[in-house]
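> Provided below: input_22.pdb, containing PDB, C-alpha atoms and all ligand atoms.
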MODEL        1
ATOM      1  CA  MET C  57       0.000   0.000   0.000
ATOM      2  CA  ALA C  58       1.300   3.479  -0.879
ATOM      3  CA  ILE C  59       0.145   7.046  -0.476
ATOM      4  CA  ASP C  60       1.398   9.653  -2.959
ATOM      5  CA  VAL C  61       1.117  13.296  -1.950
ATOM      6  CA  TYR C  62      -1.303  14.983  -4.355
ATOM      7  CA  LEU C  63      -1.896  18.334  -2.615
ATOM      8  CA  SER C  64       0.682  19.321  -0.025
ATOM      9  CA  GLU C  65      -0.042  20.784   3.392
ATOM     10  CA  GLU C  66       1.487  24.107   2.242
ATOM     11  CA  LYS C  67      -0.583  24.283  -0.918
ATOM     12  CA  ILE C  68      -3.787  23.574   1.030
ATOM     13  CA  LYS C  69      -2.943  26.232   3.628
ATOM     14  CA  GLU C  70      -2.379  28.871   0.952
ATOM     15  CA  ARG C  71      -5.624  28.084  -0.833
ATOM     16  CA  VAL C  72      -7.690  27.971   2.379
ATOM     17  CA  ILE C  73      -6.465  31.488   3.227
ATOM     18  CA  GLU C  74      -7.360  32.714  -0.268
ATOM     19  CA  LEU C  75     -10.885  31.334   0.076
ATOM     20  CA  ALA C  76     -11.300  32.823   3.569
ATOM     21  CA  ASN C  77     -10.220  36.233   2.265
ATOM     22  CA  LYS C  78     -12.864  36.045  -0.451
ATOM     23  CA  ILE C  79     -15.493  34.960   2.079
ATOM     24  CA  ASN C  80     -14.524  37.874   4.357
ATOM     25  CA  LYS C  81     -15.016  40.305   1.473
ATOM     26  CA  ASP C  82     -18.311  38.825   0.293
ATOM     27  CA  TYR C  83     -19.838  38.691   3.775
ATOM     28  CA  ALA C  84     -18.490  41.994   5.108
ATOM     29  CA  GLY C  85     -21.001  43.450   7.576
ATOM     30  CA  LYS C  86     -22.901  40.159   7.830
ATOM     31  CA  GLU C  87     -22.930  37.276  10.259
ATOM     32  CA  ILE C  88     -22.666  33.702   8.965
ATOM     33  CA  VAL C  89     -23.591  30.242  10.102
ATOM     34  CA  VAL C  90     -20.909  27.837   8.935
ATOM     35  CA  VAL C  91     -22.357  24.351   8.472
ATOM     36  CA  GLY C  92     -19.675  21.676   8.252
ATOM     37  CA  VAL C  93     -20.630  18.422   6.570
ATOM     38  CA  LEU C  94     -19.373  15.563   8.744
ATOM     39  CA  ASN C  95     -17.145  13.711   8.812
ATOM     40  CA  GLY C  96     -15.000  14.643   5.847
ATOM     41  CA  ALA C  97     -15.154  18.442   6.106
ATOM     42  CA  PHE C  98     -14.086  18.732   9.744
ATOM     43  CA  MET C  99     -10.461  19.675   9.019
ATOM     44  CA  PHE C 100     -11.170  22.043   6.118
ATOM     45  CA  CYS C 101     -13.921  23.660   8.189
ATOM     46  CA  ALA C 102     -11.650  24.107  11.222
ATOM     47  CA  ASP C 103      -8.872  25.657   9.139
ATOM     48  CA  LEU C 104     -11.215  27.851   7.106
ATOM     49  CA  ILE C 105     -13.007  29.446  10.058
ATOM     50  CA  ARG C 106      -9.663  30.334  11.672
ATOM     51  CA  HIS C 107      -9.194  32.818   8.829
ATOM     52  CA  ILE C 108     -12.745  34.153   8.717
ATOM     53  CA  ASN C 109     -13.089  37.523  10.388
ATOM     54  CA  VAL C 110     -16.832  38.190  10.139
ATOM     55  CA  PRO C 111     -18.945  36.899  13.058
ATOM     56  CA  VAL C 112     -19.388  33.124  12.769
ATOM     57  CA  THR C 113     -21.461  30.501  14.501
ATOM     58  CA  LEU C 114     -20.755  26.862  13.776
ATOM     59  CA  ASP C 115     -23.053  23.915  13.280
ATOM     60  CA  PHE C 116     -22.690  20.461  11.728
ATOM     61  CA  ILE C 117     -24.728  18.084   9.627
ATOM     62  CA  ALA C 118     -24.040  14.507   8.545
ATOM     63  CA  ALA C 119     -25.668  12.663   5.688
ATOM     64  CA  SER C 120     -25.329   9.447   3.784
ATOM     65  CA  SER C 121     -26.779   8.943   0.359
ATOM     66  CA  TYR C 122     -29.306   6.198  -0.285
ATOM     67  CA  GLY C 123     -27.443   5.344  -3.469
ATOM     68  CA  GLU C 124     -28.124   5.794  -7.115
ATOM     69  CA  GLU C 125     -31.456   3.970  -7.104
ATOM     70  CA  THR C 126     -33.117   6.862  -5.314
ATOM     71  CA  GLU C 127     -31.285   9.474  -7.339
ATOM     72  CA  SER C 128     -34.462  10.888  -8.806
ATOM     73  CA  SER C 129     -35.779  11.733  -5.333
ATOM     74  CA  GLY C 130     -32.536  13.605  -4.721
ATOM     75  CA  GLN C 131     -32.591  12.524  -1.110
ATOM     76  CA  VAL C 132     -29.996  11.596   1.415
ATOM     77  CA  LYS C 133     -30.411  10.159   4.872
ATOM     78  CA  ILE C 134     -29.677  12.720   7.574
ATOM     79  CA  GLU C 135     -27.541  11.002  10.211
ATOM     80  CA  TRP C 136     -27.016  14.119  12.325
ATOM     81  CA  ASP C 137     -29.009  17.301  11.972
ATOM     82  CA  LEU C 138     -28.229  20.910  12.831
ATOM     83  CA  LYS C 139     -28.657  21.922  16.459
ATOM     84  CA  ASN C 140     -29.926  25.384  15.642
ATOM     85  CA  GLU C 141     -32.623  26.965  13.486
ATOM     86  CA  ILE C 142     -31.324  28.660  10.343
ATOM     87  CA  LYS C 143     -34.370  30.667   9.260
ATOM     88  CA  GLY C 144     -33.252  34.143   8.175
ATOM     89  CA  LYS C 145     -29.536  33.323   8.565
ATOM     90  CA  HIS C 146     -26.711  33.412   6.019
ATOM     91  CA  ILE C 147     -25.512  29.830   5.612
ATOM     92  CA  LEU C 148     -22.093  28.778   4.383
ATOM     93  CA  LEU C 149     -22.157  25.043   3.781
ATOM     94  CA  VAL C 150     -18.666  23.540   3.989
ATOM     95  CA  GLU C 151     -18.044  20.217   2.225
ATOM     96  CA  ASP C 152     -14.938  18.089   1.647
ATOM     97  CA  ILE C 153     -15.576  16.948  -1.915
ATOM     98  CA  VAL C 154     -18.255  17.233  -4.566
ATOM     99  CA  ASP C 155     -18.080  13.959  -6.452
ATOM    100  CA  THR C 156     -21.360  12.948  -8.125
ATOM    101  CA  GLY C 157     -22.905  15.967  -6.379
ATOM    102  CA  LEU C 158     -25.843  13.998  -4.942
ATOM    103  CA  THR C 159     -25.015  14.626  -1.282
ATOM    104  CA  ILE C 160     -24.496  18.332  -1.547
ATOM    105  CA  LYS C 161     -27.389  18.942  -3.921
ATOM    106  CA  SER C 162     -29.709  17.200  -1.458
ATOM    107  CA  LEU C 163     -28.270  19.015   1.569
ATOM    108  CA  LYS C 164     -28.578  22.356  -0.179
ATOM    109  CA  ALA C 165     -32.227  21.606  -0.990
ATOM    110  CA  LEU C 166     -32.940  20.505   2.584
ATOM    111  CA  LEU C 167     -31.331  23.554   4.180
ATOM    112  CA  GLY C 168     -32.886  25.811   1.547
ATOM    113  CA  SER C 169     -36.342  24.582   2.593
ATOM    114  CA  ARG C 170     -35.703  25.969   6.091
ATOM    115  CA  GLU C 171     -35.803  29.505   4.709
ATOM    116  CA  PRO C 172     -32.310  30.821   5.380
ATOM    117  CA  ALA C 173     -31.536  34.362   4.162
ATOM    118  CA  SER C 174     -28.945  32.856   1.795
ATOM    119  CA  ILE C 175     -27.043  29.671   1.247
ATOM    120  CA  LYS C 176     -23.599  29.309  -0.333
ATOM    121  CA  LEU C 177     -21.238  26.398  -0.709
ATOM    122  CA  ALA C 178     -17.539  26.072   0.003
ATOM    123  CA  SER C 179     -15.912  22.828  -1.096
ATOM    124  CA  LEU C 180     -12.337  21.735  -0.702
ATOM    125  CA  LEU C 181     -12.412  19.504  -3.785
ATOM    126  CA  PHE C 182     -14.440  18.985  -6.958
ATOM    127  CA  LYS C 183     -14.124  16.009  -9.296
ATOM    128  CA  PRO C 184     -15.689  17.204 -12.572
ATOM    129  CA  ALA C 185     -15.209  13.831 -14.284
ATOM    130  CA  ARG C 186     -17.731  12.169 -11.966
ATOM    131  CA  ASN C 187     -20.211  14.961 -11.497
ATOM    132  CA  ILE C 188     -23.804  14.131 -12.483
ATOM    133  CA  HIS C 189     -25.710  16.529 -10.227
ATOM    134  CA  PRO C 190     -24.511  20.004 -11.135
ATOM    135  CA  VAL C 191     -24.292  22.289  -8.145
ATOM    136  CA  GLU C 192     -22.846  25.763  -7.897
ATOM    137  CA  ILE C 193     -19.691  25.831  -5.780
ATOM    138  CA  ASP C 194     -19.230  29.411  -4.609
ATOM    139  CA  TYR C 195     -15.822  28.831  -3.004
ATOM    140  CA  LEU C 196     -13.790  25.962  -4.435
ATOM    141  CA  ALA C 197     -10.256  25.213  -3.285
ATOM    142  CA  PHE C 198      -9.207  22.628  -5.901
ATOM    143  CA  GLU C 199     -10.605  20.909  -8.971
ATOM    144  CA  ILE C 200      -9.044  17.430  -9.106
ATOM    145  CA  ASP C 201      -8.568  14.508 -11.467
ATOM    146  CA  ASP C 202     -10.710  11.404 -11.293
ATOM    147  CA  LYS C 203      -8.667   9.785  -8.501
ATOM    148  CA  PHE C 204      -9.676   8.481  -5.088
ATOM    149  CA  VAL C 205      -8.095  10.802  -2.572
ATOM    150  CA  ILE C 206      -7.542  10.555   1.163
ATOM    151  CA  GLY C 207      -6.299  12.731   3.995
ATOM    152  CA  TYR C 208      -7.101  16.221   5.293
ATOM    153  CA  GLY C 209     -10.470  14.883   6.481
ATOM    154  CA  LEU C 210     -11.147  12.420   3.678
ATOM    155  CA  ASP C 211     -11.117   8.715   4.428
ATOM    156  CA  TYR C 212     -10.672   5.308   2.916
ATOM    157  CA  ALA C 213     -12.726   2.811   4.965
ATOM    158  CA  GLY C 214     -12.709   5.228   7.892
ATOM    159  CA  ARG C 215      -8.933   5.736   7.903
ATOM    160  CA  TYR C 216      -6.381   8.413   6.958
ATOM    161  CA  ARG C 217      -8.531  11.445   7.869
ATOM    162  CA  GLU C 218      -5.723  12.726  10.098
ATOM    163  CA  LEU C 219      -3.167  13.229   7.308
ATOM    164  CA  PRO C 220      -2.298  16.947   6.946
ATOM    165  CA  TYR C 221      -2.106  16.624   3.144
ATOM    166  CA  ILE C 222      -4.272  15.095   0.412
ATOM    167  CA  GLY C 223      -2.895  11.901  -1.023
ATOM    168  CA  ILE C 224      -3.721   9.286  -3.607
ATOM    169  CA  TYR C 225      -4.111   5.846  -2.194
ATOM    170  CA  SER C 226      -2.981   2.761  -4.043
ATOM    171  CA  GLU C 227      -2.862  -0.879  -2.938
TER     172      GLU C 227
HETATM  173  P1  LIG C 301     -21.239  12.661  -3.803
HETATM  174  O1  LIG C 301     -22.580  12.625  -3.163
HETATM  175  O2  LIG C 301     -21.083  11.606  -4.872
HETATM  176  O3  LIG C 301     -20.841  14.032  -4.316
HETATM  177  O4  LIG C 301     -20.181  12.169  -2.743
HETATM  178  C1  LIG C 301     -19.828  12.900  -1.698
HETATM  179  C2  LIG C 301     -19.123  12.083  -0.653
HETATM  180  O5  LIG C 301     -18.432  10.917  -1.134
HETATM  181  C3  LIG C 301     -18.052  12.975  -0.074
HETATM  182  O6  LIG C 301     -18.571  13.821   0.932
HETATM  183  C4  LIG C 301     -17.034  11.977   0.410
HETATM  184  O7  LIG C 301     -17.341  11.590   1.733
HETATM  185  C5  LIG C 301     -17.168  10.775  -0.516
HETATM  186  N1  LIG C 301     -16.095  10.795  -1.541
HETATM  187  C6  LIG C 301     -16.227  11.031  -2.858
HETATM  188  N2  LIG C 301     -15.044  10.965  -3.499
HETATM  189  C7  LIG C 301     -14.121  10.687  -2.541
HETATM  190  C8  LIG C 301     -12.665  10.499  -2.559
HETATM  191  O8  LIG C 301     -11.974  10.589  -3.591
HETATM  192  N3  LIG C 301     -12.108  10.224  -1.363
HETATM  193  C9  LIG C 301     -12.790  10.118  -0.199
HETATM  194  N4  LIG C 301     -14.125  10.295  -0.139
HETATM  195  C10 LIG C 301     -14.790  10.576  -1.291
ENDMDL
END
Let me see whether you can do it: turn the structure in this file into structure tokens.

Amino acid sequence: MAIDVYLSEEKIKERVIELANKINKDYAGKEIVVVGVLNGAFMFCADLIRHINVPVTLDFIAASSYGEETESSGQVKIEWDLKNEIKGKHILLVEDIVDTGLTIKSLKALLGSREPASIKLASLLFKPARNIHPVEIDYLAFEIDDKFVIGYGLDYAGRYRELPYIGIYSE
């Protein structure tokens, strides 16, 4: 088994700061609710909010998709819901990776139905080659090749989330 570094710790740090600066500009004078999508986004979310300088509250949501057979319903199973109401609030959804797009499209629709003032998406990664549910990513750190990646929050069978970089796993 081998792990090749795909995006280094330094490169991720730089890009996270760039995204936070853009978020700070766009939300100047506003307060935001950052919603981290568990488990994968925990590290990106933690690093991102350290560079956000508008008032932030933090909440989390966890979802698992039912699989492709229920694709048309666009639904995911909510494993852990927000603790707080979001009606009238500015929501910044923070995701690790948009792959097919099913998870985030469904989460956006769910949170949108709770009447927030606005809802935007920040994603660490986007794999265009596999995307079948187009979703607007307002703040994207990296577009990546069609490879299975691990580290910096992302797992393979529950492991490797702790790596400070993003790597490509091979047997
Ligand atoms: P989607 O619903 O197909 O967009 O998948 C989203 C979820 O699949 C992500 O939140 C990840 O948890 C997982 N995922 C997709 N691609 C990868 C990968 O390359 N590495 C690790 N997890 C991935």
> Find the axis-aligned box for region 78-95 of chain C, covering all its listed atoms and adding 6 Å on each side, and write its centre and edge lengths in Å to one decimal as JSON.

{"center_x": -18.2, "center_y": 28.6, "center_z": 4.9, "size_x": 22.7, "size_y": 41.7, "size_z": 22.7}
> What does the list of residues within 6 Å of ligand LIG 301 (chain C) look like if you count all atoms listed in the file, written as a PyMOL selection string?
chain C and resi 96+152-159+203-206+210-211
> Might you spell out which residues the PyMOL selection byres (((chain C and resi 81-92) around 10) and not hetatm) would select in the displayed file, as a tab-separated table (two decimals) with C-alpha atoms, keeping the file's coordinate frame?

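As a result, out-v3.tsv now contains:
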chain	number	residue	atom	x	y	z
C	75	LEU	CA	-10.88	31.33	0.08
C	76	ALA	CA	-11.30	32.82	3.57
C	77	ASN	CA	-10.22	36.23	2.26
C	78	LYS	CA	-12.86	36.04	-0.45
C	79	ILE	CA	-15.49	34.96	2.08
C	80	ASN	CA	-14.52	37.87	4.36
C	93	VAL	CA	-20.63	18.42	6.57
C	94	LEU	CA	-19.37	15.56	8.74
C	95	ASN	CA	-17.14	13.71	8.81
C	96	GLY	CA	-15.00	14.64	5.85
C	97	ALA	CA	-15.15	18.44	6.11
C	98	PHE	CA	-14.09	18.73	9.74
C	99	MET	CA	-10.46	19.68	9.02
C	100	PHE	CA	-11.17	22.04	6.12
C	101	CYS	CA	-13.92	23.66	8.19
C	102	ALA	CA	-11.65	24.11	11.22
C	104	LEU	CA	-11.22	27.85	7.11
C	105	ILE	CA	-13.01	29.45	10.06
C	108	ILE	CA	-12.74	34.15	8.72
C	109	ASN	CA	-13.09	37.52	10.39
C	110	VAL	CA	-16.83	38.19	10.14
C	111	PRO	CA	-18.94	36.90	13.06
C	112	VAL	CA	-19.39	33.12	12.77
C	113	THR	CA	-21.46	30.50	14.50
C	114	LEU	CA	-20.76	26.86	13.78
C	115	ASP	CA	-23.05	23.92	13.28
C	116	PHE	CA	-22.69	20.46	11.73
C	117	ILE	CA	-24.73	18.08	9.63
C	118	ALA	CA	-24.04	14.51	8.54
C	138	LEU	CA	-28.23	20.91	12.83
C	140	ASN	CA	-29.93	25.38	15.64
C	142	ILE	CA	-31.32	28.66	10.34
C	145	LYS	CA	-29.54	33.32	8.56
C	146	HIS	CA	-26.71	33.41	6.02
C	147	ILE	CA	-25.51	29.83	5.61
C	148	LEU	CA	-22.09	28.78	4.38
C	149	LEU	CA	-22.16	25.04	3.78
C	150	VAL	CA	-18.67	23.54	3.99
C	151	GLU	CA	-18.04	20.22	2.22
C	152	ASP	CA	-14.94	18.09	1.65
C	167	LEU	CA	-31.33	23.55	4.18
C	172	PRO	CA	-32.31	30.82	5.38
C	174	SER	CA	-28.94	32.86	1.80
C	175	ILE	CA	-27.04	29.67	1.25
C	176	LYS	CA	-23.60	29.31	-0.33
C	177	LEU	CA	-21.24	26.40	-0.71
C	178	ALA	CA	-17.54	26.07	0.00
> Could you jot down the CA of Ser226 (chain C) to CA of Ala58 (chain C) separation for me, Å, one decimal place?
5.4 Å
> What is the CA of Lys183 (chain C)-CA of Ile224 (chain C) distance in Å, reported with one decimal?
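Going from CA of Lys183 (chain C) over to CA of Ile224 (chain C) covers 13.6 Å.
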> Just the number, please: distance in Å from CA of His107 (chain C) to CA of Ile73 (chain C), one decimal.
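The value is 6.4 Å.
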> Give me the result of the PyMOL selection byres (((chain C and resi 200) around 7) and not hetatm) on this file, residue by residue, as a VMD selection string.
chain C and resid 181 to 183 198 to 199 201 to 202
> With 8 Å as the threshold, what does the neighbourhood of (-25.7, 12.2, 8.0) contain in terms of residues, counting all atoms listed in the file? Coordinates are those of the file; answer as a PyMOL selection string.
chain C and resi 94+117-120+132-137
> Measuring atom to atom with all atoms listed in the file, identify which of C:Ala173, C:Leu180, C:Met57, C:Tyr225 is nearest to Lys69 (chain C).
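Looking only at the distances to Lys69 (chain C), the closest residue turns out to be C:Leu180.
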> Taking all atoms listed in the file into account, name the residue in C:Asp60, C:Glu74, C:Glu141, C:Asp194 that is nearest to Asp103 (chain C).
C:Glu74
